[in-house]
file structure25.cif (mmCIF, C-alpha atoms and all ligand atoms)
data_upload
#
loop_
_atom_site.label_atom_id
_atom_site.label_comp_id
_atom_site.auth_asym_id
_atom_site.auth_seq_id
_atom_site.Cartn_x
_atom_site.Cartn_y
_atom_site.Cartn_z
CA ASP I 1 0.00 0.00 0.00
CA GLN I 2 3.05 2.28 -0.20
CA PRO I 3 4.41 3.79 -3.42
CA LEU I 4 7.45 2.02 -4.86
CA THR I 5 9.68 4.97 -4.06
CA SER I 6 8.78 4.77 -0.38
CA ILE I 7 11.78 5.52 1.82
CA LEU I 8 10.24 5.06 5.27
CA LYS I 9 7.50 2.83 6.62
CA CYS I 10 6.40 3.02 10.23
CA ARG I 11 3.79 0.62 11.49
CA ASP I 12 1.85 0.91 14.76
CA VAL I 13 4.64 2.66 16.61
CA LEU I 14 3.98 2.56 20.34
CA VAL I 15 5.98 4.67 22.79
CA LYS I 16 5.23 4.73 26.49
CA PHE I 17 6.79 6.86 29.20
CA GLY I 18 5.64 5.00 32.31
CA ASP I 19 1.84 4.96 32.14
CA PHE I 20 1.74 7.74 29.57
CA THR I 21 1.36 6.78 25.91
CA ALA I 22 3.20 9.34 23.77
CA LEU I 23 2.80 7.48 20.46
CA ASP I 24 -0.30 5.33 20.26
CA ARG I 25 0.16 2.91 17.34
CA PHE I 26 1.21 5.67 14.99
CA SER I 27 1.72 4.66 11.37
CA PHE I 28 3.54 6.81 8.86
CA GLY I 29 5.02 6.48 5.41
CA MET I 30 6.77 8.80 3.03
CA ALA I 31 8.07 8.88 -0.51
CA ASP I 32 11.67 9.53 -1.46
CA LYS I 33 12.74 13.17 -2.05
CA GLU I 34 9.71 14.68 -0.40
CA ILE I 35 9.31 17.59 2.02
CA HIS I 36 6.94 16.11 4.57
CA PHE I 37 5.70 18.34 7.39
CA LEU I 38 4.56 17.01 10.74
CA ILE I 39 2.05 19.23 12.51
CA GLY I 40 -0.27 18.95 15.49
CA PRO I 41 -0.97 20.58 18.86
CA ASN I 42 1.65 20.64 21.61
CA GLY I 43 2.10 17.19 23.11
CA ALA I 44 0.84 15.42 19.97
CA GLY I 45 4.01 13.31 19.82
CA LYS I 46 5.88 14.98 16.95
CA THR I 47 9.25 15.32 18.68
CA THR I 48 8.90 11.86 20.20
CA PHE I 49 8.45 10.48 16.69
CA LEU I 50 11.65 12.19 15.48
CA ASP I 51 13.41 10.83 18.59
CA VAL I 52 12.29 7.30 17.69
CA LEU I 53 13.41 7.71 14.06
CA CYS I 54 16.95 8.62 15.08
CA GLY I 55 17.18 5.97 17.80
CA LEU I 56 17.11 8.35 20.77
CA THR I 57 13.86 6.89 22.12
CA LYS I 58 12.99 3.22 21.87
CA MET I 59 9.60 1.88 20.78
CA SER I 60 7.62 -0.40 23.07
CA ASP I 61 6.04 -1.99 20.02
CA GLY I 62 5.66 -1.51 16.27
CA SER I 63 8.17 -1.51 13.43
CA ILE I 64 10.08 0.98 11.32
CA THR I 65 11.72 0.18 8.01
CA PHE I 66 14.07 2.65 6.33
CA GLN I 67 14.89 2.44 2.61
CA LYS I 68 14.18 -1.00 1.17
CA ASN I 69 14.32 -3.22 4.22
CA TYR I 70 16.54 -1.77 6.93
CA SER I 71 14.80 -2.24 10.25
CA ILE I 72 15.77 0.44 12.76
CA ASP I 73 13.88 -1.26 15.60
CA ASP I 74 16.90 -2.45 17.59
CA LYS I 75 19.54 -0.13 16.20
CA LYS I 76 21.67 2.33 18.10
CA GLU I 77 21.75 6.04 17.28
CA PHE I 78 25.12 5.90 15.52
CA GLU I 79 24.04 2.92 13.41
CA ILE I 80 20.91 4.72 12.26
CA ALA I 81 22.88 7.88 11.52
CA ARG I 82 25.41 5.90 9.50
CA LYS I 83 22.61 4.26 7.56
CA GLY I 84 21.42 7.71 6.47
CA ILE I 85 18.96 9.30 8.91
CA GLY I 86 20.32 12.71 9.96
CA ARG I 87 18.86 14.82 12.74
CA LYS I 88 19.24 18.49 13.43
CA PHE I 89 18.20 19.43 16.94
CA GLN I 90 16.66 22.76 17.87
CA ALA I 91 19.54 23.93 20.07
CA PRO I 92 22.62 24.76 17.98
CA SER I 93 25.66 22.55 18.55
CA ILE I 94 28.20 24.29 16.36
CA PHE I 95 31.80 24.88 17.44
CA PRO I 96 31.79 28.66 18.05
CA HIS I 97 35.59 28.98 18.11
CA LEU I 98 36.11 27.27 14.77
CA THR I 99 35.44 28.97 11.44
CA VAL I 100 32.36 28.16 9.37
CA GLN I 101 34.43 26.04 7.01
CA GLU I 102 36.17 24.23 9.87
CA ASN I 103 32.78 23.35 11.34
CA LEU I 104 31.87 21.63 8.07
CA GLU I 105 35.26 19.89 7.96
CA VAL I 106 34.76 18.51 11.45
CA ALA I 107 31.26 17.35 10.60
CA MET I 108 32.53 15.62 7.48
CA LYS I 109 35.13 13.65 9.41
CA GLN I 110 33.37 13.41 12.74
CA GLU I 111 34.84 10.10 13.76
CA LYS I 112 38.41 11.41 13.67
CA GLY I 113 38.06 14.09 16.32
CA VAL I 114 38.37 17.83 15.89
CA PHE I 115 42.11 18.45 15.95
CA SER I 116 43.45 15.49 14.01
CA MET I 117 40.84 16.37 11.40
CA LEU I 118 41.86 19.98 11.06
CA ARG I 119 45.56 19.05 10.75
CA ALA I 120 44.93 16.48 8.02
CA LYS I 121 45.02 17.76 4.44
CA MET I 122 41.73 17.60 2.63
CA THR I 123 41.47 15.78 -0.66
CA LYS I 124 40.24 17.68 -3.71
CA LYS I 125 36.96 15.81 -3.49
CA GLN I 126 36.47 16.75 0.16
CA LYS I 127 37.20 20.40 -0.64
CA GLU I 128 34.62 20.35 -3.40
CA LYS I 129 32.09 18.78 -1.08
CA ILE I 130 32.61 21.56 1.46
CA ASP I 131 32.50 24.29 -1.20
CA ARG I 132 29.23 22.92 -2.54
CA GLN I 133 27.69 22.76 0.94
CA LEU I 134 28.84 26.33 1.72
CA GLU I 135 27.01 27.47 -1.43
CA ILE I 136 23.86 25.53 -0.56
CA ILE I 137 23.61 26.96 2.96
CA GLY I 138 24.46 30.44 1.69
CA LEU I 139 27.61 30.87 3.78
CA ALA I 140 30.31 30.75 1.11
CA GLY I 141 31.18 34.38 1.82
CA LYS I 142 31.47 33.67 5.55
CA ARG I 143 33.66 30.59 5.39
CA ASP I 144 36.57 32.10 7.36
CA ILE I 145 34.47 33.76 10.05
CA LEU I 146 34.30 32.18 13.51
CA ALA I 147 30.98 30.37 13.75
CA GLY I 148 30.23 32.03 17.10
CA GLY I 149 29.94 35.35 15.28
CA LEU I 150 27.16 34.24 12.93
CA SER I 151 23.56 35.41 13.25
CA HIS I 152 20.95 33.04 14.69
CA GLY I 153 19.72 32.09 11.22
CA GLN I 154 23.21 31.55 9.86
CA LYS I 155 24.06 29.26 12.80
CA GLN I 156 20.97 27.19 12.04
CA TRP I 157 21.95 26.87 8.36
CA LEU I 158 25.51 25.97 9.30
CA GLU I 159 24.19 23.23 11.50
CA ILE I 160 21.99 21.89 8.73
CA GLY I 161 25.10 21.93 6.53
CA MET I 162 26.99 19.98 9.18
CA VAL I 163 24.33 17.26 9.22
CA MET I 164 24.38 17.22 5.40
CA MET I 165 28.14 16.53 5.40
CA GLN I 166 27.26 13.01 6.52
CA GLU I 167 25.15 12.67 3.34
CA PRO I 168 21.88 11.58 4.97
CA GLU I 169 19.09 10.25 2.80
CA LEU I 170 16.50 11.39 5.32
CA LEU I 171 16.89 14.64 7.24
CA LEU I 172 14.84 15.33 10.38
CA LEU I 173 14.30 18.97 11.34
CA ASP I 174 12.54 20.23 14.45
CA GLU I 175 11.09 23.74 14.01
CA PRO I 176 13.80 25.02 11.66
CA ILE I 177 12.50 28.61 11.55
CA ALA I 178 12.08 29.11 15.31
CA GLY I 179 13.39 32.54 16.29
CA MET I 180 14.15 33.61 12.72
CA THR I 181 13.38 36.91 11.01
CA GLU I 182 10.99 36.87 8.06
CA GLU I 183 13.90 37.14 5.65
CA GLU I 184 15.67 34.22 7.33
CA GLU I 185 12.45 32.19 7.18
CA GLU I 186 12.29 32.68 3.44
CA LYS I 187 15.91 31.70 3.01
CA THR I 188 15.28 28.59 5.10
CA GLY I 189 12.34 27.65 2.88
CA SER I 190 14.51 27.92 -0.23
CA LEU I 191 17.19 25.91 1.54
CA LEU I 192 14.72 23.10 2.26
CA ARG I 193 13.83 22.99 -1.44
CA GLU I 194 17.48 22.82 -2.37
CA LEU I 195 18.23 20.09 0.18
CA LYS I 196 15.45 18.04 -1.37
CA GLN I 197 17.70 17.43 -4.38
CA ASP I 198 19.88 15.35 -2.07
CA CYS I 199 17.56 13.88 0.56
CA SER I 200 14.03 13.48 1.91
CA LEU I 201 12.91 15.76 4.73
CA ILE I 202 10.60 15.39 7.73
CA VAL I 203 10.01 18.80 9.27
CA VAL I 204 8.17 19.49 12.53
CA GLU I 205 6.69 22.99 12.30
CA HIS I 206 4.17 25.16 14.10
CA ASP I 207 4.11 28.08 11.68
CA MET I 208 1.18 27.26 9.39
CA ASP I 209 2.08 29.94 6.82
CA PHE I 210 5.47 28.28 6.41
CA VAL I 211 3.88 24.83 6.14
CA ARG I 212 1.42 26.09 3.54
CA GLU I 213 4.23 27.55 1.46
CA TYR I 214 6.71 24.67 1.53
CA ALA I 215 4.91 21.41 2.33
CA GLU I 216 4.45 18.76 -0.32
CA LYS I 217 2.84 16.40 2.15
CA VAL I 218 1.49 17.04 5.63
CA THR I 219 0.80 14.61 8.46
CA VAL I 220 -1.36 15.82 11.32
CA MET I 221 -0.82 14.18 14.70
CA HIS I 222 -3.05 14.32 17.74
CA GLU I 223 -2.51 12.60 21.08
CA GLY I 224 0.05 10.21 19.64
CA THR I 225 -2.10 9.14 16.72
CA LEU I 226 -2.45 9.97 13.04
CA LEU I 227 -5.31 12.41 12.51
CA SER I 228 -4.93 13.09 8.81
CA GLU I 229 -2.43 12.95 5.99
CA GLY I 230 -2.26 14.50 2.55
CA THR I 231 -1.55 17.73 0.76
CA MET I 232 -2.23 20.96 2.65
CA GLU I 233 -5.50 21.37 0.70
CA GLU I 234 -6.59 17.85 1.60
CA ILE I 235 -5.92 18.12 5.31
CA GLN I 236 -7.57 21.54 5.51
CA GLN I 237 -10.78 19.97 4.31
CA ASN I 238 -10.68 17.29 6.98
CA ASP I 239 -13.28 18.02 9.66
CA LYS I 240 -11.30 16.33 12.45
CA VAL I 241 -8.27 18.48 11.65
CA ARG I 242 -10.31 21.67 11.68
CA GLU I 243 -11.85 20.74 14.99
CA VAL I 244 -8.65 19.71 16.76
CA TYR I 245 -6.02 21.93 15.24
CA LEU I 246 -6.61 24.48 12.56
CA GLY I 247 -9.70 25.85 14.25
CA SER I 248 -7.97 26.27 17.58
P1 LIG I 301 5.11 17.50 20.42
O1 LIG I 301 6.48 17.49 19.84
O2 LIG I 301 4.06 17.12 19.43
O3 LIG I 301 4.77 18.78 21.12
P2 LIG I 301 6.21 15.55 22.24
O4 LIG I 301 6.59 14.41 21.40
O5 LIG I 301 7.28 16.48 22.67
O6 LIG I 301 5.02 16.36 21.54
O7 LIG I 301 5.50 15.03 23.56
C1 LIG I 301 4.41 14.13 23.55
C2 LIG I 301 4.03 13.85 24.98
O8 LIG I 301 4.98 12.97 25.56
C3 LIG I 301 3.98 15.09 25.84
O9 LIG I 301 2.82 15.04 26.67
C4 LIG I 301 5.24 15.02 26.66
O10 LIG I 301 5.06 15.59 27.94
C5 LIG I 301 5.48 13.52 26.77
N1 LIG I 301 6.89 13.17 26.87
C6 LIG I 301 7.85 13.39 25.93
N2 LIG I 301 9.04 12.92 26.33
C7 LIG I 301 8.84 12.38 27.55
C8 LIG I 301 9.69 11.71 28.51
N3 LIG I 301 10.99 11.51 28.25
N4 LIG I 301 9.12 11.29 29.66
C9 LIG I 301 7.81 11.48 29.91
N5 LIG I 301 6.96 12.09 29.07
C10 LIG I 301 7.46 12.53 27.89
#
call {"tool": "encode", "arguments": {"input": "structure25.cif", "output": "structure tokens"}}
result
Amino acid sequence: DQPLTSILKCRDVLVKFGDFTALDRFSFGMADKEIHFLIGPNGAGKTTFLDVLCGLTKMSDGSITFQKNYSIDDKKEFEIARKGIGRKFQAPSIFPHLTVQENLEVAMKQEKGVFSMLRAKMTKKQKEKIDRQLEIIGLAGKRDILAGGLSHGQKQWLEIGMVMMQEPELLLLDEPIAGMTEEEEEKTGSLLRELKQDCSLIVVEHDMDFVREYAEKVTVMHEGTLLSEGTMEEIQQNDKVREVYLGS
């Protein structure tokens, strides 16, 4: 029942925190190279779902298959990341005392540690990879600036670039435009579209204007369950969605 290009299939995902059920047999699927937004009231389970996808929170029951048949059910965070699910958290975790370019270098060669990485000469291919990513995130002109001196928006883009250095096939973003100016929001929207050339995206977002503008598919969650799924037009016509979310 999923399209052939499906990249992720989640079936009846159950997550309990003690007696509290955060995800209540939530099922979700998405196509490859899609910008898929996850919306729903506070406490709906959106962040918990991202946490499960990157291995931070374990399911009590259910199954998740990534790409053709890779089951993430019993995998550790680093295994899932290596397999191609990248996560950008809300709080920035850049190295403020390294330059923008050095931050990308470190992210590219994470496993080697910061200082051995920066001493090692980059290959031509690695340089090109960094140059390309600097262009994509719009920071080519800031490559030699210390990352701590960037604006809030620029730090967020740098961090997205750092996750992209690991070449994920699925990128998870939690409220990417939080705290941004209108101009930065627009740039972030264009960035999402550009990233889509390289990977699929699941984006948790509260700003409905942003969702309307950039979503290809939207999933609405409520109390740990799936309320509705479809294009923005489709979900707006759903009575349950209007009642629970859009009308509120
Ligand atoms: P959303 O991102 O949609 O706002 P969350 O996934 O953050 O929702 O939270 C869903 C529910 O699970 C909330 O009621 C939250 O309090 C609860 N929750 C999340 N993480 C934990 C945890 N580690 N322990 C207990 N309850 C949690």
call {"tool": "residues_around", "arguments": {"input": "structure25.cif", "residues": "segment 42-50 of chain I", "least_positions_apart": "2", "cutoff": "9 Å", "atoms": "all atoms listed in the file", "output": "NGL selection string"}}
result
:I and (13 or 15 or 22-23 or 26 or 38-40 or 52-57 or 87 or 172-174 or 202 or 204 or 220-225)
call {"tool": "atom_distance", "arguments": {"input": "structure25.cif", "atom1": "atom CA of Phe89 of chain I", "atom2": "atom CA of Gly62 of chain I"}}
result
24.4 Å
call {"tool": "residues_around", "arguments": {"input": "structure25.cif", "residues": "Leu139 of chain I", "least_positions_apart": "6", "cutoff": "8 Å", "atoms": "only C-alpha atoms", "output": "VMD selection string"}}
result
chain I and resid 100 154 158
call {"tool": "write_last_selection", "arguments": {"input": "structure25.cif", "atoms": "C-alpha atoms", "output": "JSON list (two decimals), in the frame of the given file"}}
result
[["chain", "number", "residue", "atom", "x", "y", "z"],
["I", 100, "VAL", "CA", 32.36, 28.16, 9.37],
["I", 154, "GLN", "CA", 23.21, 31.55, 9.86],
["I", 158, "LEU", "CA", 25.51, 25.97, 9.30]]
call {"tool": "closest_residue", "arguments": {"input": "structure25.cif", "among": "I:Gly189, I:Gly141, I:Gly18, I:Pro41", "to": "Phe210 of chain I", "atoms": "all atoms listed in the file"}}
result
I:Gly189
call {"tool": "residues_around", "arguments": {"input": "structure25.cif", "residues": "Phe28 of chain I", "least_positions_apart": "6", "cutoff": "10 Å", "atoms": "all atoms listed in the file", "output": "MDAnalysis selection string"}}
result
chainID I and resid 8:13 49 64 219 225:226 229
call {"tool": "atom_distance", "arguments": {"input": "structure25.cif", "atom1": "atom CA of Val244 of chain I", "atom2": "atom CA of Ala215 of chain I"}}
result
19.9 Å
call {"tool": "closest_residue", "arguments": {"input": "structure25.cif", "among": "I:Met208, I:Val203, I:Met162, I:Met232", "to": "ligand LIG 301 (chain I)", "atoms": "all atoms listed in the file"}}
result
I:Val203
call {"tool": "closest_residue", "arguments": {"input": "structure25.cif", "among": "I:Ser63, I:Ile35, I:Asp131, I:Gly29", "to": "Leu14 of chain I", "atoms": "all atoms listed in the file"}}
result
I:Ser63
call {"tool": "atom_distance", "arguments": {"input": "structure25.cif", "atom1": "atom CA of Gly153 of chain I", "atom2": "atom CA of Ser190 of chain I"}}
result
13.3 Å
call {"tool": "closest_residue", "arguments": {"input": "structure25.cif", "among": "I:Gln133, I:Gln67, I:Ile7, I:Asp51", "to": "ligand LIG 301 (chain I)", "atoms": "all atoms listed in the file"}}
result
I:Asp51
call {"tool": "closest_residue", "arguments": {"input": "structure25.cif", "among": "I:Thr65, I:Thr5, I:Thr231, I:Gln197", "to": "Ser27 of chain I", "atoms": "all atoms listed in the file"}}
result
I:Thr65
call {"tool": "residues_around", "arguments": {"input": "structure25.cif", "residues": "Gly161 of chain I", "least_positions_apart": "4", "cutoff": "8 Å", "atoms": "all atoms listed in the file", "output": "PyMOL selection string"}}
result
chain I and resi 104+133-134+137+157+165
call {"tool": "closest_residue", "arguments": {"input": "structure25.cif", "among": "I:Leu146, I:Val106, I:Cys199, I:Ala31", "to": "Glu167 of chain I", "atoms": "all atoms listed in the file"}}
result
I:Cys199
call {"tool": "axis_aligned_box", "arguments": {"input": "structure25.cif", "around": "ligand LIG 301 (chain I)", "padding_each_side": "6 Å", "output": "AutoDock Vina command-line options"}}
result
--center_x 6.9 --center_y 15.0 --center_z 24.7 --size_x 20.2 --size_y 19.5 --size_z 22.5
call {"tool": "build_atoms", "arguments": {"input": "structure25.cif", "residues": "segment 191-211 of chain I", "atoms": "N, CA and C atoms", "output": "compact mmCIF listing (two decimals), keeping the file's coordinate frame"}}
result
# COMPACT_ATOMS: atom_id res chain seq x y z
N LEU I 191 16.18 26.92 1.20
CA LEU I 191 17.19 25.91 1.54
C LEU I 191 16.57 24.51 1.59
N LEU I 192 15.39 24.40 2.19
CA LEU I 192 14.72 23.10 2.26
C LEU I 192 14.50 22.55 0.85
N ARG I 193 14.08 23.44 -0.06
CA ARG I 193 13.83 22.99 -1.44
C ARG I 193 15.13 22.53 -2.11
N GLU I 194 16.20 23.21 -1.77
CA GLU I 194 17.48 22.82 -2.37
C GLU I 194 17.97 21.49 -1.78
N LEU I 195 17.79 21.33 -0.48
CA LEU I 195 18.23 20.09 0.18
C LEU I 195 17.50 18.88 -0.39
N LYS I 196 16.28 19.12 -0.84
CA LYS I 196 15.45 18.04 -1.37
C LYS I 196 16.07 17.38 -2.60
N GLN I 197 17.00 18.06 -3.26
CA GLN I 197 17.70 17.43 -4.38
C GLN I 197 18.51 16.24 -3.86
N ASP I 198 18.97 16.35 -2.62
CA ASP I 198 19.88 15.35 -2.07
C ASP I 198 19.22 14.37 -1.11
N CYS I 199 18.15 14.78 -0.43
CA CYS I 199 17.56 13.88 0.56
C CYS I 199 16.09 14.18 0.80
N SER I 200 15.42 13.28 1.50
CA SER I 200 14.03 13.48 1.91
C SER I 200 14.03 14.23 3.23
N LEU I 201 12.95 14.97 3.50
CA LEU I 201 12.91 15.76 4.73
C LEU I 201 11.62 15.54 5.51
N ILE I 202 11.76 15.34 6.82
CA ILE I 202 10.60 15.39 7.73
C ILE I 202 10.82 16.62 8.61
N VAL I 203 9.86 17.53 8.57
CA VAL I 203 10.01 18.80 9.27
C VAL I 203 8.85 19.01 10.25
N VAL I 204 9.18 19.14 11.52
CA VAL I 204 8.17 19.49 12.53
C VAL I 204 8.05 21.01 12.53
N GLU I 205 6.84 21.53 12.38
CA GLU I 205 6.69 22.99 12.30
C GLU I 205 5.35 23.46 12.86
N HIS I 206 5.40 24.57 13.56
CA HIS I 206 4.17 25.16 14.10
C HIS I 206 3.62 26.28 13.22
N ASP I 207 4.51 26.92 12.46
CA ASP I 207 4.11 28.08 11.68
C ASP I 207 3.34 27.63 10.43
N MET I 208 2.01 27.81 10.47
CA MET I 208 1.18 27.26 9.39
C MET I 208 1.40 27.97 8.06
N ASP I 209 1.79 29.25 8.09
CA ASP I 209 2.08 29.94 6.82
C ASP I 209 3.28 29.30 6.13
N PHE I 210 4.26 28.94 6.95
CA PHE I 210 5.47 28.28 6.41
C PHE I 210 5.11 26.91 5.85
N VAL I 211 4.29 26.17 6.59
CA VAL I 211 3.88 24.83 6.14
C VAL I 211 3.13 24.94 4.81
